[in-house]
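Student: Sending over my_file-v6.cif (mmCIF, C-alpha atoms).
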```cif
data_query
#
loop_
_atom_site.group_PDB
_atom_site.id
_atom_site.type_symbol
_atom_site.label_atom_id
_atom_site.label_comp_id
_atom_site.auth_asym_id
_atom_site.auth_seq_id
_atom_site.Cartn_x
_atom_site.Cartn_y
_atom_site.Cartn_z
ATOM 1 C CA MET A 292 0.000 0.000 0.000
ATOM 2 C CA ASP A 293 1.291 3.428 -0.924
ATOM 3 C CA TYR A 294 0.715 6.381 1.369
ATOM 4 C CA HIS A 295 1.183 10.122 1.686
ATOM 5 C CA ILE A 296 0.895 11.931 5.019
ATOM 6 C CA ILE A 297 -0.824 15.331 5.005
ATOM 7 C CA PRO A 298 -0.456 17.299 8.270
ATOM 8 C CA VAL A 299 -3.659 19.255 8.913
ATOM 9 C CA THR A 300 -5.108 21.679 11.473
ATOM 10 C CA ALA A 301 -3.384 23.536 14.289
ATOM 11 C CA PHE A 302 -2.932 20.150 15.975
ATOM 12 C CA ALA A 303 -0.624 18.904 13.167
ATOM 13 C CA GLN A 304 -2.773 15.809 12.778
ATOM 14 C CA ASN A 305 -1.536 13.217 10.277
ATOM 15 C CA CYS A 306 -4.247 12.816 7.669
ATOM 16 C CA SER A 307 -3.227 9.805 5.564
ATOM 17 C CA LEU A 308 -3.896 9.367 1.865
ATOM 18 C CA ILE A 309 -3.505 5.642 1.180
ATOM 19 C CA TRP A 310 -3.896 3.881 -2.155
ATOM 20 C CA CYS A 311 -3.505 0.697 -4.147
ATOM 21 C CA ALA A 312 -0.921 1.226 -6.876
ATOM 22 C CA ALA A 313 -2.430 -1.538 -9.017
ATOM 23 C CA THR A 314 -5.891 0.029 -9.212
ATOM 24 C CA ASN A 315 -5.272 3.688 -8.268
ATOM 25 C CA GLN A 316 -8.107 3.399 -5.731
ATOM 26 C CA ALA A 317 -7.507 5.516 -2.624
ATOM 27 C CA ALA A 318 -8.901 6.288 0.807
ATOM 28 C CA ILE A 319 -8.481 9.363 2.975
ATOM 29 C CA VAL A 320 -7.943 8.445 6.621
ATOM 30 C CA ASP A 321 -8.761 10.956 9.368
ATOM 31 C CA PRO A 322 -9.269 14.205 7.434
ATOM 32 C CA GLY A 323 -9.237 16.525 10.425
ATOM 33 C CA GLY A 324 -9.511 19.771 8.481
ATOM 34 C CA ASP A 325 -7.887 21.827 5.720
ATOM 35 C CA ALA A 326 -10.039 20.193 3.051
ATOM 36 C CA GLU A 327 -8.521 22.203 0.188
ATOM 37 C CA LYS A 328 -5.017 21.104 1.193
ATOM 38 C CA ILE A 329 -6.142 17.459 1.122
ATOM 39 C CA ILE A 330 -7.874 17.906 -2.254
ATOM 40 C CA ARG A 331 -4.670 19.355 -3.708
ATOM 41 C CA ALA A 332 -2.632 16.433 -2.397
ATOM 42 C CA VAL A 333 -5.054 13.934 -3.932
ATOM 43 C CA ALA A 334 -4.828 15.722 -7.288
ATOM 44 C CA GLU A 335 -1.029 15.747 -7.149
ATOM 45 C CA LYS A 336 -0.949 11.993 -6.576
ATOM 46 C CA GLY A 337 -3.473 11.365 -9.355
ATOM 47 C CA VAL A 338 -5.446 8.781 -7.373
ATOM 48 C CA GLN A 339 -9.186 8.130 -7.198
ATOM 49 C CA VAL A 340 -10.724 8.537 -3.748
ATOM 50 C CA SER A 341 -13.287 5.814 -3.056
ATOM 51 C CA GLN A 342 -13.963 6.344 0.671
ATOM 52 C CA ILE A 343 -13.252 8.349 3.824
ATOM 53 C CA LEU A 344 -12.021 6.269 6.784
ATOM 54 C CA LEU A 345 -12.148 7.409 10.422
ATOM 55 C CA THR A 346 -10.213 5.940 13.357
ATOM 56 C CA HIS A 347 -12.176 7.849 16.018
ATOM 57 C CA GLY A 348 -14.487 10.771 16.630
ATOM 58 C CA HIS A 349 -12.246 13.630 17.742
ATOM 59 C CA LEU A 350 -12.545 16.895 15.824
ATOM 60 C CA ASP A 351 -8.926 16.979 14.651
ATOM 61 C CA HIS A 352 -9.477 13.626 12.905
ATOM 62 C CA VAL A 353 -12.909 14.173 11.343
ATOM 63 C CA GLY A 354 -13.344 17.917 10.793
ATOM 64 C CA ALA A 355 -13.234 17.773 6.979
ATOM 65 C CA ALA A 356 -14.861 14.344 6.545
ATOM 66 C CA THR A 357 -18.309 15.549 5.487
ATOM 67 C CA GLU A 358 -16.937 18.158 3.077
ATOM 68 C CA LEU A 359 -14.610 15.666 1.408
ATOM 69 C CA ALA A 360 -17.254 12.930 1.231
ATOM 70 C CA ALA A 361 -19.517 15.376 -0.607
ATOM 71 C CA HIS A 362 -16.680 16.580 -2.855
ATOM 72 C CA TYR A 363 -15.762 13.061 -4.000
ATOM 73 C CA GLY A 364 -19.226 11.540 -3.708
ATOM 74 C CA VAL A 365 -18.034 8.777 -1.383
ATOM 75 C CA GLN A 366 -19.028 7.227 1.939
ATOM 76 C CA ILE A 367 -17.651 7.877 5.420
ATOM 77 C CA ILE A 368 -16.668 4.589 7.058
ATOM 78 C CA GLY A 369 -15.784 4.035 10.723
ATOM 79 C CA PRO A 370 -15.104 4.334 13.572
ATOM 80 C CA GLN A 371 -16.737 1.849 15.939
ATOM 81 C CA LYS A 372 -20.211 2.922 17.071
ATOM 82 C CA ARG A 373 -19.206 3.633 20.684
ATOM 83 C CA ASP A 374 -17.692 6.893 19.351
ATOM 84 C CA ALA A 375 -21.105 8.126 18.155
ATOM 85 C CA PHE A 376 -21.315 10.535 21.086
ATOM 86 C CA TRP A 377 -18.065 12.211 19.988
ATOM 87 C CA LEU A 378 -19.322 12.610 16.422
ATOM 88 C CA ASP A 379 -22.644 13.992 17.665
ATOM 89 C CA ALA A 380 -20.754 16.517 19.812
ATOM 90 C CA LEU A 381 -18.585 17.972 17.032
ATOM 91 C CA PRO A 382 -20.231 21.437 17.290
ATOM 92 C CA VAL A 383 -19.309 21.509 20.990
ATOM 93 C CA GLN A 384 -15.793 20.277 20.237
ATOM 94 C CA SER A 385 -15.442 23.135 17.731
ATOM 95 C CA GLN A 386 -16.406 25.702 20.350
ATOM 96 C CA MET A 387 -14.032 24.198 22.919
ATOM 97 C CA PHE A 388 -11.056 24.609 20.594
ATOM 98 C CA GLY A 389 -12.131 27.959 19.115
ATOM 99 C CA LEU A 390 -12.414 26.524 15.589
ATOM 100 C CA ALA A 391 -15.033 26.978 12.886
ATOM 101 C CA GLU A 392 -18.166 25.029 13.723
ATOM 102 C CA CYS A 393 -18.185 21.436 12.527
ATOM 103 C CA ALA A 394 -21.590 19.807 12.087
ATOM 104 C CA PRO A 395 -22.218 16.350 13.549
ATOM 105 C CA VAL A 396 -20.987 13.454 11.412
ATOM 106 C CA THR A 397 -22.964 10.251 10.881
ATOM 107 C CA PRO A 398 -20.888 7.541 9.191
ATOM 108 C CA ASP A 399 -22.433 5.548 6.375
ATOM 109 C CA ARG A 400 -20.979 2.432 7.980
ATOM 110 C CA TRP A 401 -19.716 1.681 11.472
ATOM 111 C CA LEU A 402 -16.837 -0.784 11.800
ATOM 112 C CA GLU A 403 -16.310 -3.594 14.278
ATOM 113 C CA GLU A 404 -13.448 -5.844 15.310
ATOM 114 C CA GLY A 405 -12.947 -8.435 12.572
ATOM 115 C CA ASP A 406 -14.437 -6.324 9.780
ATOM 116 C CA SER A 407 -12.341 -5.380 6.768
ATOM 117 C CA VAL A 408 -12.243 -2.568 4.228
ATOM 118 C CA GLN A 409 -11.048 -2.852 0.632
ATOM 119 C CA VAL A 410 -8.926 -0.164 -0.995
ATOM 120 C CA GLY A 411 -8.493 -1.492 -4.512
ATOM 121 C CA ASN A 412 -6.732 -4.840 -4.116
ATOM 122 C CA ILE A 413 -5.622 -4.060 -0.556
ATOM 123 C CA THR A 414 -7.472 -5.467 2.430
ATOM 124 C CA LEU A 415 -7.419 -3.419 5.619
ATOM 125 C CA GLU A 416 -8.213 -5.407 8.748
ATOM 126 C CA ILE A 417 -10.110 -3.613 11.529
ATOM 127 C CA LEU A 418 -9.014 -3.876 15.149
ATOM 128 C CA HIS A 419 -11.057 -2.220 17.897
ATOM 129 C CA CYS A 420 -8.577 -0.495 20.230
ATOM 130 C CA PRO A 421 -10.426 1.443 22.952
ATOM 131 C CA GLY A 422 -8.746 3.627 25.539
ATOM 132 C CA HIS A 423 -8.162 6.980 23.849
ATOM 133 C CA THR A 424 -11.833 6.876 22.902
ATOM 134 C CA PRO A 425 -14.223 3.946 23.433
ATOM 135 C CA GLY A 426 -14.840 3.389 19.713
ATOM 136 C CA HIS A 427 -11.288 3.854 18.411
ATOM 137 C CA ILE A 428 -10.253 1.491 15.609
ATOM 138 C CA VAL A 429 -7.072 0.975 13.601
ATOM 139 C CA PHE A 430 -6.554 -0.091 9.981
ATOM 140 C CA PHE A 431 -4.001 -2.843 9.286
ATOM 141 C CA ASP A 432 -2.576 -3.836 5.923
ATOM 142 C CA ARG A 433 -1.227 -7.248 6.906
ATOM 143 C CA ALA A 434 0.365 -7.990 3.531
ATOM 144 C CA GLY A 435 2.081 -4.598 3.383
ATOM 145 C CA ARG A 436 2.975 -4.623 7.118
ATOM 146 C CA LEU A 437 1.540 -1.116 7.524
ATOM 147 C CA LEU A 438 -0.737 0.074 10.323
ATOM 148 C CA VAL A 439 -2.709 3.320 10.498
ATOM 149 C CA SER A 440 -2.980 3.656 14.259
ATOM 150 C CA GLY A 441 -4.757 6.962 14.892
ATOM 151 C CA ASP A 442 -4.187 8.135 18.457
ATOM 152 C CA VAL A 443 -3.572 4.741 20.083
ATOM 153 C CA ILE A 444 0.231 4.606 19.856
ATOM 154 C CA PHE A 445 2.824 7.193 18.879
ATOM 155 C CA ASN A 446 6.556 7.310 18.298
ATOM 156 C CA GLY A 447 7.653 7.300 21.952
ATOM 157 C CA GLY A 448 4.178 7.772 23.397
ATOM 158 C CA VAL A 449 0.572 6.654 23.631
ATOM 159 C CA GLY A 450 -2.763 8.404 23.267
ATOM 160 C CA ARG A 451 -4.304 10.554 25.968
ATOM 161 C CA SER A 452 -6.902 8.860 28.112
ATOM 162 C CA ASP A 453 -8.209 11.833 30.107
ATOM 163 C CA PHE A 454 -11.056 12.611 27.718
ATOM 164 C CA PRO A 455 -14.652 11.487 28.430
ATOM 165 C CA GLN A 456 -14.850 7.675 28.372
ATOM 166 C CA GLY A 457 -11.093 7.402 27.989
ATOM 167 C CA ASP A 458 -9.312 4.695 29.984
ATOM 168 C CA HIS A 459 -5.547 4.331 30.311
ATOM 169 C CA GLN A 460 -5.614 0.680 31.305
ATOM 170 C CA SER A 461 -7.760 -0.190 28.285
ATOM 171 C CA LEU A 462 -5.416 1.810 26.043
ATOM 172 C CA ILE A 463 -2.295 -0.051 27.199
ATOM 173 C CA GLU A 464 -4.159 -3.361 26.910
ATOM 174 C CA SER A 465 -5.184 -2.491 23.345
ATOM 175 C CA ILE A 466 -1.547 -1.872 22.445
ATOM 176 C CA LYS A 467 -0.098 -4.922 24.182
ATOM 177 C CA VAL A 468 -2.824 -7.430 23.312
ATOM 178 C CA LYS A 469 -3.845 -6.297 19.826
ATOM 179 C CA LEU A 470 -1.073 -4.218 18.243
ATOM 180 C CA LEU A 471 2.295 -5.513 19.434
ATOM 181 C CA PRO A 472 1.469 -9.137 18.460
ATOM 182 C CA LEU A 473 1.064 -7.979 14.831
ATOM 183 C CA GLY A 474 4.872 -8.071 14.601
ATOM 184 C CA ASP A 475 7.978 -6.025 15.273
ATOM 185 C CA ASP A 476 8.357 -5.355 11.539
ATOM 186 C CA VAL A 477 5.049 -3.481 11.274
ATOM 187 C CA THR A 478 5.445 0.213 10.475
ATOM 188 C CA PHE A 479 2.725 2.519 11.747
ATOM 189 C CA ILE A 480 1.409 5.943 10.811
ATOM 190 C CA ALA A 481 0.329 7.617 14.034
ATOM 191 C CA GLY A 482 -2.279 10.333 14.380
ATOM 192 C CA HIS A 483 0.435 12.839 15.294
ATOM 193 C CA GLY A 484 4.196 12.941 14.963
ATOM 194 C CA PRO A 485 6.682 10.754 13.085
ATOM 195 C CA MET A 486 6.225 7.159 12.007
ATOM 196 C CA SER A 487 7.752 4.239 13.905
ATOM 197 C CA THR A 488 7.648 0.447 14.096
ATOM 198 C CA LEU A 489 5.920 -1.732 16.648
ATOM 199 C CA GLY A 490 9.253 -3.395 17.372
ATOM 200 C CA ARG A 491 10.893 -0.116 18.243
ATOM 201 C CA GLU A 492 8.018 0.915 20.510
ATOM 202 C CA ARG A 493 7.901 -2.487 22.199
ATOM 203 C CA VAL A 494 11.445 -2.056 23.523
ATOM 204 C CA SER A 495 11.757 1.730 23.899
ATOM 205 C CA ASN A 496 8.323 3.268 24.503
ATOM 206 C CA PRO A 497 8.321 4.246 28.197
ATOM 207 C CA PHE A 498 4.572 3.685 28.506
ATOM 208 C CA LEU A 499 4.917 0.016 27.515
ATOM 209 C CA GLN A 500 7.697 -1.041 29.869
#
```
Now, as a test, write the supplied structure out as structure tokens.

Tutor:
Amino acid sequence: MDYHIIPVTAFAQNCSLIWCAATNQAAIVDPGGDAEKIIRAVAEKGVQVSQILLTHGHLDHVGAATELAAHYGVQIIGPQKRDAFWLDALPVQSQMFGLAECAPVTPDRWLEEGDSVQVGNITLEILHCPGHTPGHIVFFDRAGRLLVSGDVIFNGGVGRSDFPQGDHQSLIESIKVKLLPLGDDVTFIAGHGPMSTLGRERVSNPFLQ
């Protein structure tokens, strides 16, 4: 799977454009804002967007989802339904952060553990990884050894768990039970900051020791 990371919003959130080179089919993962910037990046890569994918319901990951879904005429898919309250509260989230109002988002399809999503010939496996939010999911390209991890794990860190319905113990369990067993060779694109590998984080991430 090919990918291009597009930092968006004042939170420098990593919106990921991922695509299948064989078919040119693409997905936009976590478009937190700056829709025009994302549209330009898609045009530069010359790919065809077939869906919008969401890892969780925080504003900095979904702020441009509705606008881009309308622009490309595609569906919004994910996260897991326990994040519905975050998506319903997007106008409040906007006010909290002093950003332009974002209307509530209702995905066309919720995702559950064990589901999969196709991007061209690439299969993305869905793992439910609560802790940062209760409905947080990640997208795993097993064949390509690439994980889009949202705000579960970072290079040298883990996601915050002090938001409503966050839980630090569940977050660490999600990482240790679901992510690390995927393999040390798996590279991940985090929701913020630089990329890393699960192997590197397993031995050096202070939150996992």

Student: Tell me which of A:Pro298, A:Gly389, A:Pro497, A:Pro382 sits closest to Ala481 of chain A, counting only C-alpha atoms.

Tutor: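 So, comparing all the options, the nearest one is A:Pro298.
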
Student: Name the residues that the PyMOL selection byres ((chain A and resi 482) around 8) picks from the file above, as a list of chain:residue names, using the file's chain letters and numbers.

Tutor: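 On the file shown, the PyMOL selection byres ((chain A and resi 482) around 8) covers A:Gln304, A:Asn305, A:Cys306, A:Ser440, A:Gly441, A:Asp442, A:Phe445, A:Ile480, A:Ala481, A:His483, A:Gly484.
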
Student: Determine the residue set returned by the PyMOL selection byres ((chain A and resi 460) around 12) for the present structure, and present it as number ranges by chain.

Tutor: A: 420-423, 449-453, 456-459, 461-468, 498-499

Student: Quick check on the file I pasted: which residues fall under the PyMOL selection byres ((chain A and resi 366) around 12)? Write them as an MDAnalysis selection string.

Tutor: chainID A and resid 318:319 340:345 356:365 367:369 396:401

Student: Show which residues sit within 6 Å of segment 405-419 of chain A, as a list in words. Count only C-alpha atoms, and ignore same-chain residues fewer than 5 positions away.

Tutor: Cys311, Thr314, Gln316, Ile428, Val429, Phe430, Phe431 and Asp432 of chain A

Student: Pull C-alpha atoms from the residues just selected and write them as a compact mmCIF listing (two decimals), in the coordinates of the input.

Tutor:
```txt
# COMPACT_ATOMS: atom_id res chain seq x y z
CA CYS A 311 -3.50 0.70 -4.15
CA THR A 314 -5.89 0.03 -9.21
CA GLN A 316 -8.11 3.40 -5.73
CA ILE A 428 -10.25 1.49 15.61
CA VAL A 429 -7.07 0.98 13.60
CA PHE A 430 -6.55 -0.09 9.98
CA PHE A 431 -4.00 -2.84 9.29
CA ASP A 432 -2.58 -3.84 5.92
```

Student: Which one is closest to Ala317 of chain A: A:Ile330, A:Tyr294, A:Pro395, A:Glu335? Count only C-alpha atoms.

Tutor: A:Tyr294

Student: Which one is closest to Val439 of chain A: A:Ala313, A:Leu470, A:Ala375, A:Gln339? Count only C-alpha atoms.

Tutor: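 Nearest to Val439 of chain A: A:Leu470.
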
Student: Pull the neighbourhood of (7.3, -9.3, 4.3) for me: all residues within 10 Å in file coordinates, counting only C-alpha atoms, as a PyMOL selection string.

Tutor: chain A and resi 433-436+476-477

Student: Go ahead and fit an axis-aligned box to every listed atom of segment 414-431 of chain A plus 3 Å each side, and pass me the centre and edge lengths in Å, one decimal, as AutoDock Vina command-line options.

Tutor:
```
--center_x -9.4 --center_y 0.8 --center_z 14.0 --size_x 16.8 --size_y 18.4 --size_z 29.1
```

Student: Ser487 of chain A: which residues within 7 Å, counting all atoms listed in the file, same-chain residues fewer than 3 positions away excluded, as a list in words?

Tutor: Asn446, Thr478, Phe479 and Arg491 of chain A

Student: Dump C-alpha atoms for the selected residues as a short mmCIF file (atom, residue, chain, number, x, y, z; two decimals), in the frame of the given file?

Tutor:
```
data_model
loop_
_atom_site.label_atom_id
_atom_site.label_comp_id
_atom_site.auth_asym_id
_atom_site.auth_seq_id
_atom_site.Cartn_x
_atom_site.Cartn_y
_atom_site.Cartn_z
CA ASN A 446 6.56 7.31 18.30
CA THR A 478 5.44 0.21 10.48
CA PHE A 479 2.72 2.52 11.75
CA ARG A 491 10.89 -0.12 18.24
#
```

Student: Nearest residue to Arg373 of chain A out of A:Pro455, A:Gly337, A:Gly323, A:Pro485, using only C-alpha atoms?

Tutor: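 Looking only at the distances to Arg373 of chain A, the closest residue turns out to be A:Pro455.
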
Student: Between A:Gly448, A:Ala312, A:Leu381, A:Gly474, which is the closest to Ser495 of chain A once you count only C-alpha atoms?

Tutor: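 Using only C-alpha atoms, the shortest distance to Ser495 of chain A belongs to A:Gly448.
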
Student: Given the choices A:Pro472, A:Gly324, A:Pro370, A:Gly490, which gets closest to Thr424 of chain A if the distance is worked out from only C-alpha atoms?

Tutor: A:Pro370

Student: Please compute the atom CA of Cys393 of chain A-atom CA of Val443 of chain A distance, one decimal, in Å.

Tutor: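 Result for atom CA of Cys393 of chain A versus atom CA of Val443 of chain A: 23.4 Å, one decimal.
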
Student: As a list in words, please: the residues near His352 of chain A (cut-off 6 Å, only C-alpha atoms, same-chain neighbours under 3 positions excluded).

Tutor: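 Contacts, with the query itself left out: Asp321, Pro322, Gly323 and His349 of chain A.
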
Student: Leaving out Gln371 of chain A and any residue of its chain fewer than 4 positions from it, which residues lie within 6 Å of it when counting all atoms listed in the file, given as a ChimeraX atom specification?

Tutor: /A:401-403,426
